[in-house]
>>> print(open('protein05.tsv').read())   # TSV, C-alpha atoms
chain	number	residue	atom	x	y	z
A	21	MET	CA	-15.03	-25.37	-6.89
A	22	THR	CA	-15.49	-24.01	-3.41
A	23	GLU	CA	-15.85	-20.32	-2.87
A	24	PHE	CA	-12.63	-18.36	-2.32
A	25	ASN	CA	-12.27	-17.44	1.32
A	26	PRO	CA	-9.64	-14.76	1.75
A	27	THR	CA	-7.40	-14.59	4.80
A	28	ILE	CA	-7.22	-11.06	6.08
A	29	LEU	CA	-5.18	-9.44	8.82
A	30	ALA	CA	-6.58	-6.40	10.60
A	31	PHE	CA	-4.17	-4.38	12.70
A	32	CYS	CA	-6.32	-2.47	15.18
A	33	CYS	CA	-5.02	0.24	17.44
A	34	ASN	CA	-5.55	-0.42	21.12
A	35	TRP	CA	-7.25	2.88	21.92
A	36	CYS	CA	-9.83	3.29	19.17
A	37	SER	CA	-10.23	0.57	16.60
A	38	TYR	CA	-9.85	-2.37	18.95
A	39	ALA	CA	-12.46	-0.81	21.23
A	40	GLY	CA	-14.58	-0.21	18.13
A	41	ALA	CA	-14.26	-3.89	17.23
A	42	ASP	CA	-15.22	-4.76	20.77
A	43	LEU	CA	-18.29	-2.56	20.50
A	44	ALA	CA	-19.25	-4.24	17.23
A	45	GLY	CA	-18.99	-7.59	19.00
A	46	VAL	CA	-21.02	-6.48	22.01
A	47	ASN	CA	-23.71	-5.16	19.68
A	48	ARG	CA	-23.68	-8.52	17.85
A	49	LEU	CA	-23.13	-6.92	14.47
A	50	GLN	CA	-22.71	-9.60	11.80
A	51	MET	CA	-19.58	-9.57	9.67
A	52	PRO	CA	-17.54	-12.01	7.61
A	53	PRO	CA	-15.30	-14.33	9.67
A	54	ASN	CA	-12.21	-14.05	7.41
A	55	VAL	CA	-10.52	-11.39	9.50
A	56	HIS	CA	-7.82	-12.02	12.08
A	57	VAL	CA	-7.61	-9.05	14.40
A	58	ILE	CA	-4.18	-8.14	15.77
A	59	ARG	CA	-4.10	-5.60	18.56
A	60	VAL	CA	-1.29	-3.06	18.38
A	61	MET	CA	-0.69	-0.11	20.65
A	62	CYS	CA	-0.92	2.42	17.84
A	63	SER	CA	-1.47	2.24	14.11
A	64	ALA	CA	2.03	3.74	13.80
A	65	SER	CA	3.52	0.63	15.37
A	66	VAL	CA	2.41	-1.29	12.29
A	67	LYS	CA	5.71	-1.22	10.50
A	68	PRO	CA	5.53	-1.40	6.71
A	69	GLU	CA	7.69	-4.51	7.16
A	70	TYR	CA	4.74	-6.31	8.74
A	71	VAL	CA	2.50	-5.53	5.80
A	72	PHE	CA	5.10	-6.61	3.24
A	73	LYS	CA	5.90	-9.76	5.13
A	74	ALA	CA	2.21	-10.68	5.36
A	75	ILE	CA	1.56	-10.03	1.69
A	76	SER	CA	4.67	-11.85	0.51
A	77	GLN	CA	3.69	-14.89	2.57
A	78	GLY	CA	0.31	-15.14	0.90
A	79	ILE	CA	-2.07	-13.16	3.11
A	80	ASP	CA	-4.80	-11.87	0.82
A	81	GLY	CA	-5.44	-8.51	2.44
A	82	VAL	CA	-4.12	-6.29	5.21
A	83	LEU	CA	-6.29	-3.79	6.99
A	84	VAL	CA	-4.74	-1.07	9.13
A	85	LEU	CA	-7.19	0.65	11.46
A	86	GLY	CA	-6.39	3.59	13.72
A	87	CYS	CA	-7.93	6.53	15.53
A	88	HIS	CA	-9.22	9.45	13.52
A	89	ILE	CA	-6.66	12.13	12.71
A	90	GLY	CA	-6.33	14.36	15.77
A	91	ASP	CA	-7.61	11.70	18.18
A	92	CYS	CA	-4.44	9.63	18.43
A	93	HIS	CA	-3.56	8.61	21.96
A	94	TYR	CA	0.06	9.37	21.08
A	95	LEU	CA	-0.87	12.65	19.36
A	96	THR	CA	0.82	12.14	15.99
A	97	GLY	CA	1.00	8.36	15.62
A	98	ASN	CA	-1.68	8.15	13.00
A	99	HIS	CA	-0.09	10.97	11.01
A	100	ARG	CA	2.87	8.68	10.58
A	101	THR	CA	0.61	5.86	9.39
A	102	ALA	CA	-1.27	8.17	7.06
A	103	LYS	CA	2.03	9.05	5.39
A	104	ARG	CA	3.36	5.50	5.25
A	105	ILE	CA	0.49	3.42	3.99
A	106	PRO	CA	0.08	5.28	0.66
A	107	VAL	CA	3.78	4.59	-0.03
A	108	VAL	CA	3.30	0.92	0.87
A	109	LYS	CA	0.37	0.74	-1.54
A	110	LYS	CA	2.38	2.36	-4.32
A	111	ILE	CA	5.27	-0.08	-3.85
A	112	LEU	CA	2.89	-3.03	-4.02
A	113	LYS	CA	1.44	-1.60	-7.19
A	114	ASP	CA	4.93	-1.23	-8.68
A	115	VAL	CA	5.70	-4.90	-8.24
A	116	GLY	CA	2.36	-5.94	-9.71
A	117	LEU	CA	0.29	-6.63	-6.61
A	118	ASP	CA	-3.07	-4.93	-6.36
A	119	ASP	CA	-2.91	-1.94	-4.00
A	120	LYS	CA	-6.50	-2.69	-2.95
A	121	ARG	CA	-5.06	-5.49	-0.84
A	122	VAL	CA	-3.96	-2.94	1.73
A	123	ARG	CA	-6.41	-0.50	3.23
A	124	LEU	CA	-6.05	2.20	5.83
A	125	ASP	CA	-9.13	3.43	7.66
A	126	TRP	CA	-10.01	5.30	10.81
A	127	VAL	CA	-12.42	3.71	13.30
A	128	SER	CA	-13.06	5.32	16.67
A	129	ALA	CA	-14.09	3.52	19.85
A	130	ALA	CA	-17.72	4.56	19.31
A	131	GLU	CA	-17.94	3.37	15.72
A	132	GLY	CA	-18.92	-0.29	15.99
A	133	GLU	CA	-21.06	0.05	12.91
A	134	LYS	CA	-18.26	1.60	10.91
A	135	PHE	CA	-16.02	-1.30	11.90
A	136	GLN	CA	-18.61	-3.74	10.59
A	137	GLN	CA	-18.99	-1.74	7.40
A	138	VAL	CA	-15.20	-1.50	6.79
A	139	ILE	CA	-14.69	-5.22	7.37
A	140	THR	CA	-17.59	-6.24	5.13
A	141	GLU	CA	-16.52	-3.90	2.33
A	142	PHE	CA	-12.87	-4.96	2.50
A	143	VAL	CA	-13.65	-8.70	2.54
A	144	ASN	CA	-15.90	-8.33	-0.48
A	145	GLU	CA	-13.27	-6.25	-2.27
A	146	VAL	CA	-10.54	-8.82	-1.64
A	147	LYS	CA	-12.90	-11.65	-2.63
A	148	ALA	CA	-13.41	-9.92	-5.95
A	149	LEU	CA	-9.62	-9.60	-6.42
A	150	GLY	CA	-9.08	-13.32	-5.97
A	151	PRO	CA	-6.25	-15.09	-4.17
A	152	ASN	CA	-2.89	-13.40	-3.61
A	153	PRO	CA	-0.61	-14.31	-6.55
A	154	LEU	CA	2.23	-14.87	-4.07
A	155	ARG	CA	0.32	-17.54	-2.16
A	156	GLY	CA	2.15	-20.84	-2.41
A	157	VAL	CA	5.06	-19.35	-4.35
A	158	ARG	CA	8.28	-20.94	-3.17
A	159	MET	CA	10.27	-17.81	-2.55
B	11	MET	CA	50.39	10.08	-11.20
B	12	ASN	CA	48.49	11.40	-14.18
B	13	ASP	CA	47.28	14.93	-14.87
B	14	LEU	CA	43.89	14.15	-13.45
B	15	THR	CA	45.35	13.13	-10.08
B	16	LYS	CA	47.39	16.35	-10.04
B	17	ARG	CA	44.31	18.40	-10.80
B	18	PHE	CA	42.29	16.66	-8.08
B	19	SER	CA	45.06	17.17	-5.49
B	20	GLU	CA	45.43	20.79	-6.51
B	21	ILE	CA	41.70	21.48	-6.07
B	22	ALA	CA	41.48	19.57	-2.80
B	23	PHE	CA	44.64	20.69	-1.03
B	24	GLU	CA	45.56	24.08	-2.56
B	25	GLU	CA	42.21	25.63	-3.43
B	26	ARG	CA	39.88	24.20	-0.79
B	27	GLY	CA	42.19	23.42	2.11
B	28	ALA	CA	41.25	19.78	2.68
B	29	ASP	CA	43.41	17.45	4.79
B	30	HIS	CA	42.67	14.27	2.88
B	31	LEU	CA	41.35	13.33	-0.53
B	32	LEU	CA	39.23	10.32	-1.39
B	33	LEU	CA	39.23	9.24	-5.03
B	34	MET	CA	39.25	6.26	-7.39
B	35	VAL	CA	42.66	5.33	-8.78
B	36	GLU	CA	44.24	2.67	-10.91
B	37	ARG	CA	47.48	1.18	-9.68
B	38	HIS	CA	49.18	-1.98	-10.96
B	39	GLY	CA	46.09	-2.64	-13.06
B	40	ASN	CA	43.71	-2.59	-10.12
B	41	VAL	CA	41.07	0.08	-9.69
B	42	GLY	CA	39.95	1.01	-6.22
B	43	PRO	CA	39.24	3.84	-3.82
B	44	VAL	CA	42.13	5.43	-1.92
B	45	LEU	CA	42.46	8.08	0.76
B	46	ILE	CA	45.55	10.27	0.38
B	47	SER	CA	47.11	13.16	2.23
B	48	ARG	CA	48.93	16.15	0.76
B	49	GLY	CA	51.82	15.25	-1.50
B	50	GLU	CA	51.12	11.53	-1.69
B	51	ASP	CA	51.08	9.76	-5.03
B	52	PRO	CA	48.13	7.40	-5.26
B	53	GLY	CA	48.49	6.35	-8.92
B	54	ASP	CA	46.35	7.28	-11.89
B	55	ALA	CA	42.96	8.81	-11.05
B	56	ARG	CA	40.00	7.31	-12.86
B	57	THR	CA	36.69	9.08	-13.36
B	58	ASP	CA	35.04	6.54	-15.64
B	59	VAL	CA	34.55	3.95	-12.89
B	60	PRO	CA	31.12	4.28	-11.35
B	61	TYR	CA	31.42	3.86	-7.62
B	62	GLN	CA	29.77	5.68	-4.74
B	63	LEU	CA	32.65	7.06	-2.68
B	64	VAL	CA	30.12	8.35	-0.16
B	65	THR	CA	29.64	4.80	1.10
B	66	ILE	CA	33.32	4.69	2.00
B	67	LEU	CA	33.31	8.22	3.37
B	68	THR	CA	30.52	7.47	5.86
B	69	ASN	CA	32.48	4.48	7.07
B	70	ILE	CA	35.75	6.34	7.63
B	71	LEU	CA	34.51	9.74	8.83
B	72	PRO	CA	33.92	8.62	12.45
B	73	PHE	CA	37.66	7.85	12.67
B	74	MET	CA	38.88	11.05	11.02
B	75	GLY	CA	38.48	13.41	13.97
B	76	LYS	CA	38.34	17.04	12.88
B	77	ALA	CA	40.11	16.44	9.57
B	78	LYS	CA	38.49	17.71	6.42
B	79	VAL	CA	38.06	15.12	3.70
B	80	ALA	CA	37.74	16.07	0.04
B	81	LEU	CA	35.63	13.77	-2.05
B	82	VAL	CA	35.25	13.31	-5.78
B	83	CYS	CA	31.53	13.87	-6.02
B	84	ARG	CA	29.11	13.04	-8.79
B	85	ARG	CA	25.63	14.53	-8.67
B	86	CYS	CA	24.32	11.37	-6.96
B	87	ASP	CA	27.11	11.50	-4.32
B	88	GLU	CA	26.17	15.09	-3.68
B	89	LYS	CA	22.52	14.17	-3.17
B	90	ALA	CA	23.47	11.23	-0.95
B	91	LEU	CA	25.56	13.57	1.20
B	92	ALA	CA	22.59	15.92	1.49
B	93	GLU	CA	20.39	13.03	2.64
B	94	LEU	CA	22.97	11.92	5.20
B	95	ALA	CA	23.62	15.45	6.46
B	96	LYS	CA	19.89	16.02	6.87
B	97	ARG	CA	19.72	13.00	9.16
B	98	GLY	CA	22.82	13.97	11.10
B	99	ILE	CA	24.97	11.07	9.91
B	100	VAL	CA	27.58	13.22	8.19
B	101	ASP	CA	28.71	16.70	9.14
B	102	ASP	CA	28.56	19.02	6.13
B	103	ALA	CA	31.49	21.08	7.39
B	104	SER	CA	33.95	18.18	7.36
B	105	VAL	CA	33.42	17.31	3.69
B	106	VAL	CA	34.87	19.18	0.73
B	107	LYS	CA	33.16	18.38	-2.55
B	108	ILE	CA	34.92	18.22	-5.89
B	109	GLY	CA	32.23	18.17	-8.57
B	110	LEU	CA	32.58	15.55	-11.29
B	111	ALA	CA	30.24	15.62	-14.27
B	112	CYS	CA	29.35	12.15	-15.54
B	113	SER	CA	30.17	11.20	-19.11
B	114	LYS	CA	27.46	10.55	-21.66
B	115	GLU	CA	27.93	6.76	-21.51
B	116	GLN	CA	27.66	6.81	-17.74
B	117	VAL	CA	24.45	8.84	-17.86
B	118	GLN	CA	23.00	6.38	-20.35
B	119	ARG	CA	23.95	3.43	-18.17
B	120	CYS	CA	22.22	4.93	-15.11
B	121	ARG	CA	19.26	6.34	-17.11
B	122	CYS	CA	20.05	9.38	-14.99
B	123	SER	CA	17.70	12.36	-15.14
B	124	ASP	CA	19.74	14.62	-12.85
B	125	CYS	CA	23.40	14.26	-13.69
B	126	VAL	CA	25.09	17.67	-13.37
B	127	PRO	CA	26.64	18.54	-9.98
B	128	SER	CA	26.00	22.00	-8.55
B	129	LYS	CA	29.62	22.95	-9.21
B	130	VAL	CA	31.44	21.21	-12.04
B	131	ASP	CA	35.22	20.99	-11.50
B	132	ILE	CA	36.11	18.09	-13.76
B	133	GLY	CA	34.43	16.83	-16.89
B	134	GLU	CA	31.87	18.20	-19.30
B	135	PRO	CA	28.19	18.26	-18.27
B	136	SER	CA	26.11	15.86	-20.39
B	137	GLU	CA	22.47	15.84	-21.35
B	138	PRO	CA	20.25	14.07	-18.81
B	139	CYS	CA	18.46	10.92	-19.92
B	140	PRO	CA	14.69	11.53	-20.20
B	141	GLU	CA	13.32	8.31	-18.75
B	142	ASP	CA	13.93	4.69	-17.88
B	143	ALA	CA	12.70	2.55	-20.76
B	144	LEU	CA	12.07	-0.52	-18.60
B	145	ALA	CA	10.10	1.49	-16.02
B	146	ALA	CA	7.89	2.89	-18.78
B	147	GLU	CA	7.41	-0.59	-20.20
B	148	LEU	CA	6.48	-2.02	-16.80
B	149	THR	CA	4.03	0.79	-16.08
B	150	ALA	CA	2.28	0.08	-19.36
B	151	MET	CA	2.00	-3.66	-18.57
B	152	SER	CA	-1.05	-5.29	-16.98
B	153	THR	CA	-0.86	-5.99	-13.24
B	154	GLU	CA	-0.52	-9.75	-13.77
B	155	ASP	CA	2.34	-9.38	-16.24
B	156	ARG	CA	4.13	-6.99	-13.92
B	157	ALA	CA	3.70	-9.39	-10.98
B	158	GLU	CA	5.07	-12.22	-13.13
B	159	PHE	CA	8.04	-10.09	-14.22
B	160	TRP	CA	9.08	-9.15	-10.69
B	161	LYS	CA	8.40	-12.62	-9.35
B	162	ARG	CA	10.86	-13.97	-11.89
B	163	GLN	CA	13.40	-11.24	-11.12
B	164	PHE	CA	13.25	-11.59	-7.33
B	165	ARG	CA	13.59	-15.35	-7.61
B	166	LYS	CA	17.17	-14.76	-8.81
B	167	CYS	CA	18.14	-13.00	-5.58
B	168	ASN	CA	20.79	-14.94	-3.68
B	169	LYS	CA	20.65	-12.84	-0.53
B	170	CYS	CA	24.19	-11.48	-0.91
B	171	PHE	CA	23.19	-8.13	0.66
B	172	GLY	CA	25.32	-6.38	-1.97
B	173	CYS	CA	22.56	-3.84	-2.61
B	174	THR	CA	22.42	-2.98	1.08
B	175	VAL	CA	26.14	-2.90	1.83
B	176	ASN	CA	27.03	-0.76	-1.17
B	177	CYS	CA	24.13	1.65	-0.83
B	178	PRO	CA	25.36	5.17	0.01
B	179	VAL	CA	22.16	6.07	1.89
B	180	CYS	CA	21.77	2.85	3.92
B	181	PHE	CA	23.15	4.05	7.25
B	182	CYS	CA	21.51	1.95	9.99
B	183	ASP	CA	23.89	0.05	12.24
B	184	ASP	CA	21.32	-2.68	12.74
B	185	CYS	CA	19.60	-3.31	9.45
B	186	VAL	CA	16.08	-4.74	9.72
B	187	LEU	CA	16.83	-6.94	6.73
B	188	GLU	CA	19.34	-8.83	8.84
B	189	GLU	CA	16.60	-9.70	11.33
B	190	ARG	CA	15.52	-13.29	10.98
B	191	THR	CA	11.89	-12.23	11.10
B	192	TYR	CA	12.14	-10.60	7.70
B	193	THR	CA	14.91	-12.56	6.04
B	194	PRO	CA	14.97	-16.26	6.86
B	195	GLU	CA	18.32	-17.58	7.98
B	196	GLU	CA	18.19	-20.58	5.69
B	197	GLY	CA	17.56	-20.79	2.02
B	198	ILE	CA	17.53	-18.54	-0.98
B	199	PRO	CA	15.76	-16.59	-2.40
B	200	PRO	CA	14.90	-14.55	0.69
B	201	GLY	CA	11.34	-13.86	-0.45
B	202	GLN	CA	9.74	-10.86	-2.01
B	203	ALA	CA	9.39	-9.09	1.34
B	204	PHE	CA	13.16	-8.44	1.30
B	205	HIS	CA	12.93	-6.25	-1.77
B	206	LEU	CA	9.67	-4.61	-0.77
B	207	ILE	CA	11.03	-3.64	2.65
B	208	ARG	CA	14.17	-2.25	1.04
B	209	SER	CA	12.08	-0.26	-1.41
B	210	PHE	CA	10.14	1.27	1.43
B	211	HIS	CA	13.22	2.14	3.46
B	212	LEU	CA	14.79	3.85	0.47
B	213	ALA	CA	11.59	5.55	-0.64
B	214	ASP	CA	12.47	8.87	0.96
B	215	LYS	CA	16.22	8.77	0.46
B	216	CYS	CA	17.20	6.89	-2.72
B	217	VAL	CA	19.33	9.13	-4.93
B	218	GLU	CA	19.21	6.81	-7.96
B	219	CYS	CA	22.97	6.28	-8.07
B	220	GLY	CA	22.43	2.76	-9.39
B	221	GLU	CA	24.98	1.14	-7.09
B	222	CYS	CA	22.46	-1.57	-6.09
B	223	GLU	CA	21.95	-2.58	-9.68
B	224	ARG	CA	25.68	-2.52	-10.45
B	225	SER	CA	26.56	-4.64	-7.44
B	226	CYS	CA	23.75	-7.17	-7.96
B	227	PRO	CA	25.29	-10.45	-9.13
B	228	ALA	CA	21.88	-11.67	-10.31
B	229	ASP	CA	21.21	-8.65	-12.54
B	230	ILE	CA	17.91	-7.72	-10.93
B	231	PRO	CA	16.87	-4.33	-12.37
B	232	LEU	CA	16.86	-2.72	-8.92
B	233	LEU	CA	17.51	0.78	-10.22
B	234	THR	CA	14.29	0.57	-12.23
B	235	LEU	CA	12.36	-0.35	-9.09
B	236	ARG	CA	14.00	2.55	-7.20
B	237	LYS	CA	13.07	4.94	-9.99
B	238	MET	CA	9.47	3.74	-9.95
B	239	VAL	CA	9.19	4.24	-6.19
B	240	ASN	CA	10.85	7.66	-6.41
B	241	ARG	CA	8.32	8.69	-9.02
B	242	ASP	CA	5.56	7.58	-6.64
B	243	MET	CA	7.05	9.76	-3.90
B	244	LYS	CA	6.99	12.66	-6.32
B	245	ASP	CA	3.33	11.97	-7.14
B	246	LEU	CA	2.29	11.53	-3.51
B	247	PHE	CA	4.24	14.24	-1.69
B	248	ASN	CA	5.96	16.16	-4.49
B	249	TYR	CA	9.21	15.14	-2.78
B	250	THR	CA	12.51	14.37	-4.47
B	251	SER	CA	15.32	12.90	-2.38
B	252	GLY	CA	18.61	14.75	-2.29
B	253	ASP	CA	17.08	18.04	-1.19
B	254	ARG	CA	19.12	19.36	1.75
B	255	GLU	CA	16.41	21.71	2.97
B	256	ARG	CA	13.25	19.62	2.84
B	257	LYS	CA	12.57	17.07	5.56
B	258	SER	CA	11.41	13.67	4.42
B	259	PRO	CA	7.58	13.58	4.23
B	260	LEU	CA	7.63	10.27	6.11
B	261	LEU	CA	9.14	12.07	9.12
B	262	THR	CA	6.60	14.89	9.28
B	263	THR	CA	2.93	15.10	10.26
B	264	LEU	CA	0.17	15.74	7.75
B	265	ASP	CA	0.60	19.50	8.34
B	266	ASP	CA	4.34	19.22	7.64
B	267	GLN	CA	5.34	19.68	11.27
B	268	PRO	CA	8.31	17.57	12.35
B	269	LEU	CA	7.42	14.49	14.42
B	270	GLU	CA	8.72	14.78	17.97
B	271	ASP	CA	10.97	11.75	17.75
B	272	ASP	CA	12.71	10.27	14.79
B	273	VAL	CA	12.79	6.78	16.22
B	274	HIS	CA	12.32	5.23	12.84
B	275	ALA	CA	14.95	7.28	11.10
B	276	CYS	CA	15.53	4.65	8.46
>>> encode(input="protein05.tsv", output="C-alpha cells")
Amino acid sequence: MTEFNPTILAFCCNWCSYAGADLAGVNRLQMPPNVHVIRVMCSASVKPEYVFKAISQGIDGVLVLGCHIGDCHYLTGNHRTAKRIPVVKKILKDVGLDDKRVRLDWVSAAEGEKFQQVITEFVNEVKALGPNPLRGVRM
Amino acid sequence: MNDLTKRFSEIAFEERGADHLLLMVERHGNVGPVLISRGEDPGDARTDVPYQLVTILTNILPFMGKAKVALVCRRCDEKALAELAKRGIVDDASVVKIGLACSKEQVQRCRCSDCVPSKVDIGEPSEPCPEDALAAELTAMSTEDRAEFWKRQFRKCNKCFGCTVNCPVCFCDDCVLEERTYTPEEGIPPGQAFHLIRSFHLADKCVECGECERSCPADIPLLTLRKMVNRDMKDLFNYTSGDRERKSPLLTTLDDQPLEDDVHAC
C-alpha cells in the first residue's frame, strides 16, 4: 500500500504568514509538499464555515496562520481568530473528528524557519492521524 | 376562555400594563400561538405545549410600533430574549414577561438544567435535570464510534431548515446556510458542514430550548449536540448563553475588550 499523503489547506494572512512563507521559499527551506497555501487578508477572514466545509469535504487538515497577537495589521483581527478556532476544534471533537486536524499558529513575516517547522510538524501529525473519516462519504 | 387565559390576561393587561398578549391557545381542537388585545377571547390557554414564542415575537415586533407586548415566557424564552436584547434585535422595554415554570415532564423531555424563570407567575417550579444521558454516553465513546454515530445521524437530514427557522436565537436576515457555497442546491443530505456551521453560529447564543430537536422530522438529537457545544463554551470561556450582562466571548478581544465592529454578529 502506498504511503498516505494528506491534503492540507493553509490559510495564511497576507501581512505576516504569507510573507513568512515567501521567506521560507526564498531561503529554500525544505518542507513537505502536501500543503496548499491560500492567501487571505487576515486570519480573521477565515470564517469557521471555511474550515468546516473543508473538513466535511474530506480535507485532512486545516492550518490557520496569522500574525502574532498584537501585531495584526487590523489591530484585533487575530484576537477574533484566537477566540474562534478553539471553538471550532471543540465542535469537531464533539462530532468525533480529531481536533488535531485544525491548528492555529502565529508566524510573522520574519519567521521563515518557524513556517517550515509548523508545516513539517502539522503534516507529520496529520499523517499519524490517517485519512479524514469523511473523505469519500456521500453526504 | 379557561381560568388560565383569564389569569394570563389579568397579569398582562391589569398588572403590567401591556397592550397585547402572545400565548399558546387551543381553539376548535387546534393548538397555536395567538396575539390578543385587551378583552379579546382567544380560547383555552395551554402551557403544556412546548413552543418558543420568542421566535414569533421577533418576527412581529418590527410591525408593532411602540406597543408593549406581553409574552408567556419559560426560562429558555427569557434567556433567548436576553441574547436578542444584547445584540440589539429586541428592545427590552417593549416586552413584558410572564414567567411560566415548566412541568416536570417538560423538564425531563428537554433534559433542562436551568428551568425556573426569574419570576414565576404560573406553574410550580420543578427540579432541574442533572445531565443529558446521550451527551454523557457520547463523551465516553471512542472518537471513531462518535464519528460513526454522528455520521449516521446527519445522513438523515433532509435539509428542511426546520431547526433554523424555528430557532429563537437565529436572527440573521440572510442566513449563511442558505448560501449555495455551504449548502448545495441539489440533493440531500446537505453534508456535515451544515450542522457544524450551525453549531458554531449557535455556540455563543444557544439557550437549549430544544426547539431544533422538536422540529426535526428526522429525529436528529440536535439538542444533545447543542448541549455538548455549550459545555465546551463553559470550559473554554466560562460563558453561559442567556446572560444579559456579559458580552459573547466571540465578540471580544483576548483582554475582554469589545471588538470595534460587530460585522459578524451571528
>>> residues_near_point(input="protein05.tsv", point="(6.9, 3.2, -18.7)", cutoff="12 Å", atoms="all atoms listed in the file", output="VMD selection string")
(chain A and resid 114) or (chain B and resid 140 to 152 156 234 to 235 237 to 238 241)
>>> interface_residues(input="protein05.tsv", of="chain A", to="chain B", cutoff="8 Å", atoms="all atoms listed in the file", output="CSV table (one decimal) with C-alpha atoms, keeping the file's coordinate frame")
chain,number,residue,atom,x,y,z
A,68,PRO,CA,5.5,-1.4,6.7
A,69,GLU,CA,7.7,-4.5,7.2
A,72,PHE,CA,5.1,-6.6,3.2
A,73,LYS,CA,5.9,-9.8,5.1
A,75,ILE,CA,1.6,-10.0,1.7
A,76,SER,CA,4.7,-11.8,0.5
A,96,THR,CA,0.8,12.1,16.0
A,99,HIS,CA,-0.1,11.0,11.0
A,100,ARG,CA,2.9,8.7,10.6
A,102,ALA,CA,-1.3,8.2,7.1
A,103,LYS,CA,2.0,9.0,5.4
A,104,ARG,CA,3.4,5.5,5.2
A,106,PRO,CA,0.1,5.3,0.7
A,107,VAL,CA,3.8,4.6,0.0
A,108,VAL,CA,3.3,0.9,0.9
A,110,LYS,CA,2.4,2.4,-4.3
A,111,ILE,CA,5.3,-0.1,-3.8
A,112,LEU,CA,2.9,-3.0,-4.0
A,113,LYS,CA,1.4,-1.6,-7.2
A,114,ASP,CA,4.9,-1.2,-8.7
A,115,VAL,CA,5.7,-4.9,-8.2
A,116,GLY,CA,2.4,-5.9,-9.7
A,117,LEU,CA,0.3,-6.6,-6.6
A,118,ASP,CA,-3.1,-4.9,-6.4
A,153,PRO,CA,-0.6,-14.3,-6.6
A,159,MET,CA,10.3,-17.8,-2.6
>>> axis_aligned_box(input="protein05.tsv", around="range 134-139 of chain B", padding_each_side="6 Å", output="lines of an AutoDock Vina configuration file")
center_x = 25.2
center_y = 14.6
center_z = -19.8
size_x = 25.4
size_y = 19.3
size_z = 15.1
>>> residues_near_point(input="protein05.tsv", point="(43.3, 6.2, -14.4)", cutoff="6 Å", atoms="only C-alpha atoms", output="JSON, numbers by chain")
{"B": [35, 36, 54, 55, 56]}
>>> atom_distance(input="protein05.tsv", atom1="CA of Ala28 in chain B", atom2="CA of Lys107 in chain B")
9.7 Å
>>> atom_distance(input="protein05.tsv", atom1="CA of Val126 in chain B", atom2="CA of Asp58 in chain B")
15.1 Å
>>> closest_residue(input="protein05.tsv", among="B:Leu63, B:Val82, B:Val105, B:Leu233", to="Pro178 in chain B", atoms="only C-alpha atoms")
B:Leu63
>>> atom_distance(input="protein05.tsv", atom1="CA of Asn12 in chain B", atom2="CA of Ala77 in chain B")
25.7 Å
>>> closest_residue(input="protein05.tsv", among="A:Ala39, A:Val84, A:Ile139, A:Ile89", to="Asn54 in chain A", atoms="only C-alpha atoms")
A:Ile139
>>> residues_around(input="protein05.tsv", residues="His56 in chain A", least_positions_apart="4", cutoff="9 Å", atoms="only C-alpha atoms", output="list in words")
Thr27, Ile28, Leu29, Ala30 and Phe31 of chain A
>>> residues_around(input="protein05.tsv", residues="Val122 in chain A", least_positions_apart="4", cutoff="8 Å", atoms="all atoms listed in the file", output="VMD selection string")
chain A and resid 81 to 84 109
>>> write_last_selection(input="protein05.tsv", atoms="C-alpha atoms", output="mmCIF file, in the coordinates of the input")
data_model
loop_
_atom_site.group_PDB
_atom_site.id
_atom_site.type_symbol
_atom_site.label_atom_id
_atom_site.label_comp_id
_atom_site.auth_asym_id
_atom_site.auth_seq_id
_atom_site.Cartn_x
_atom_site.Cartn_y
_atom_site.Cartn_z
ATOM 1 C CA GLY A 81 -5.440 -8.510 2.440
ATOM 2 C CA VAL A 82 -4.120 -6.290 5.210
ATOM 3 C CA LEU A 83 -6.290 -3.790 6.990
ATOM 4 C CA VAL A 84 -4.740 -1.070 9.130
ATOM 5 C CA LYS A 109 0.370 0.740 -1.540
#
>>> residues_around(input="protein05.tsv", residues="range 40-45 of chain A", least_positions_apart="4", cutoff="12 Å", atoms="all atoms listed in the file", output="PDB file with C-alpha atoms, in the coordinates of the input")
ATOM      1  CA  ALA A  30      -6.580  -6.400  10.600  1.00  0.00           C
ATOM      2  CA  PHE A  31      -4.170  -4.380  12.700  1.00  0.00           C
ATOM      3  CA  CYS A  32      -6.320  -2.470  15.180  1.00  0.00           C
ATOM      4  CA  CYS A  33      -5.020   0.240  17.440  1.00  0.00           C
ATOM      5  CA  ASN A  34      -5.550  -0.420  21.120  1.00  0.00           C
ATOM      6  CA  TRP A  35      -7.250   2.880  21.920  1.00  0.00           C
ATOM      7  CA  CYS A  36      -9.830   3.290  19.170  1.00  0.00           C
ATOM      8  CA  LEU A  49     -23.130  -6.920  14.470  1.00  0.00           C
ATOM      9  CA  GLN A  50     -22.710  -9.600  11.800  1.00  0.00           C
ATOM     10  CA  MET A  51     -19.580  -9.570   9.670  1.00  0.00           C
ATOM     11  CA  VAL A  55     -10.520 -11.390   9.500  1.00  0.00           C
ATOM     12  CA  HIS A  56      -7.820 -12.020  12.080  1.00  0.00           C
ATOM     13  CA  VAL A  57      -7.610  -9.050  14.400  1.00  0.00           C
ATOM     14  CA  ILE A  58      -4.180  -8.140  15.770  1.00  0.00           C
ATOM     15  CA  ARG A  59      -4.100  -5.600  18.560  1.00  0.00           C
ATOM     16  CA  LEU A  85      -7.190   0.650  11.460  1.00  0.00           C
ATOM     17  CA  GLY A  86      -6.390   3.590  13.720  1.00  0.00           C
ATOM     18  CA  CYS A  87      -7.930   6.530  15.530  1.00  0.00           C
ATOM     19  CA  HIS A  88      -9.220   9.450  13.520  1.00  0.00           C
ATOM     20  CA  TRP A 126     -10.010   5.300  10.810  1.00  0.00           C
ATOM     21  CA  VAL A 127     -12.420   3.710  13.300  1.00  0.00           C
ATOM     22  CA  SER A 128     -13.060   5.320  16.670  1.00  0.00           C
ATOM     23  CA  ALA A 129     -14.090   3.520  19.850  1.00  0.00           C
ATOM     24  CA  ALA A 130     -17.720   4.560  19.310  1.00  0.00           C
ATOM     25  CA  GLU A 131     -17.940   3.370  15.720  1.00  0.00           C
ATOM     26  CA  GLY A 132     -18.920  -0.290  15.990  1.00  0.00           C
ATOM     27  CA  GLU A 133     -21.060   0.050  12.910  1.00  0.00           C
ATOM     28  CA  LYS A 134     -18.260   1.600  10.910  1.00  0.00           C
ATOM     29  CA  PHE A 135     -16.020  -1.300  11.900  1.00  0.00           C
ATOM     30  CA  GLN A 136     -18.610  -3.740  10.590  1.00  0.00           C
ATOM     31  CA  GLN A 137     -18.990  -1.740   7.400  1.00  0.00           C
ATOM     32  CA  VAL A 138     -15.200  -1.500   6.790  1.00  0.00           C
ATOM     33  CA  ILE A 139     -14.690  -5.220   7.370  1.00  0.00           C
TER      34      ILE A 139
END
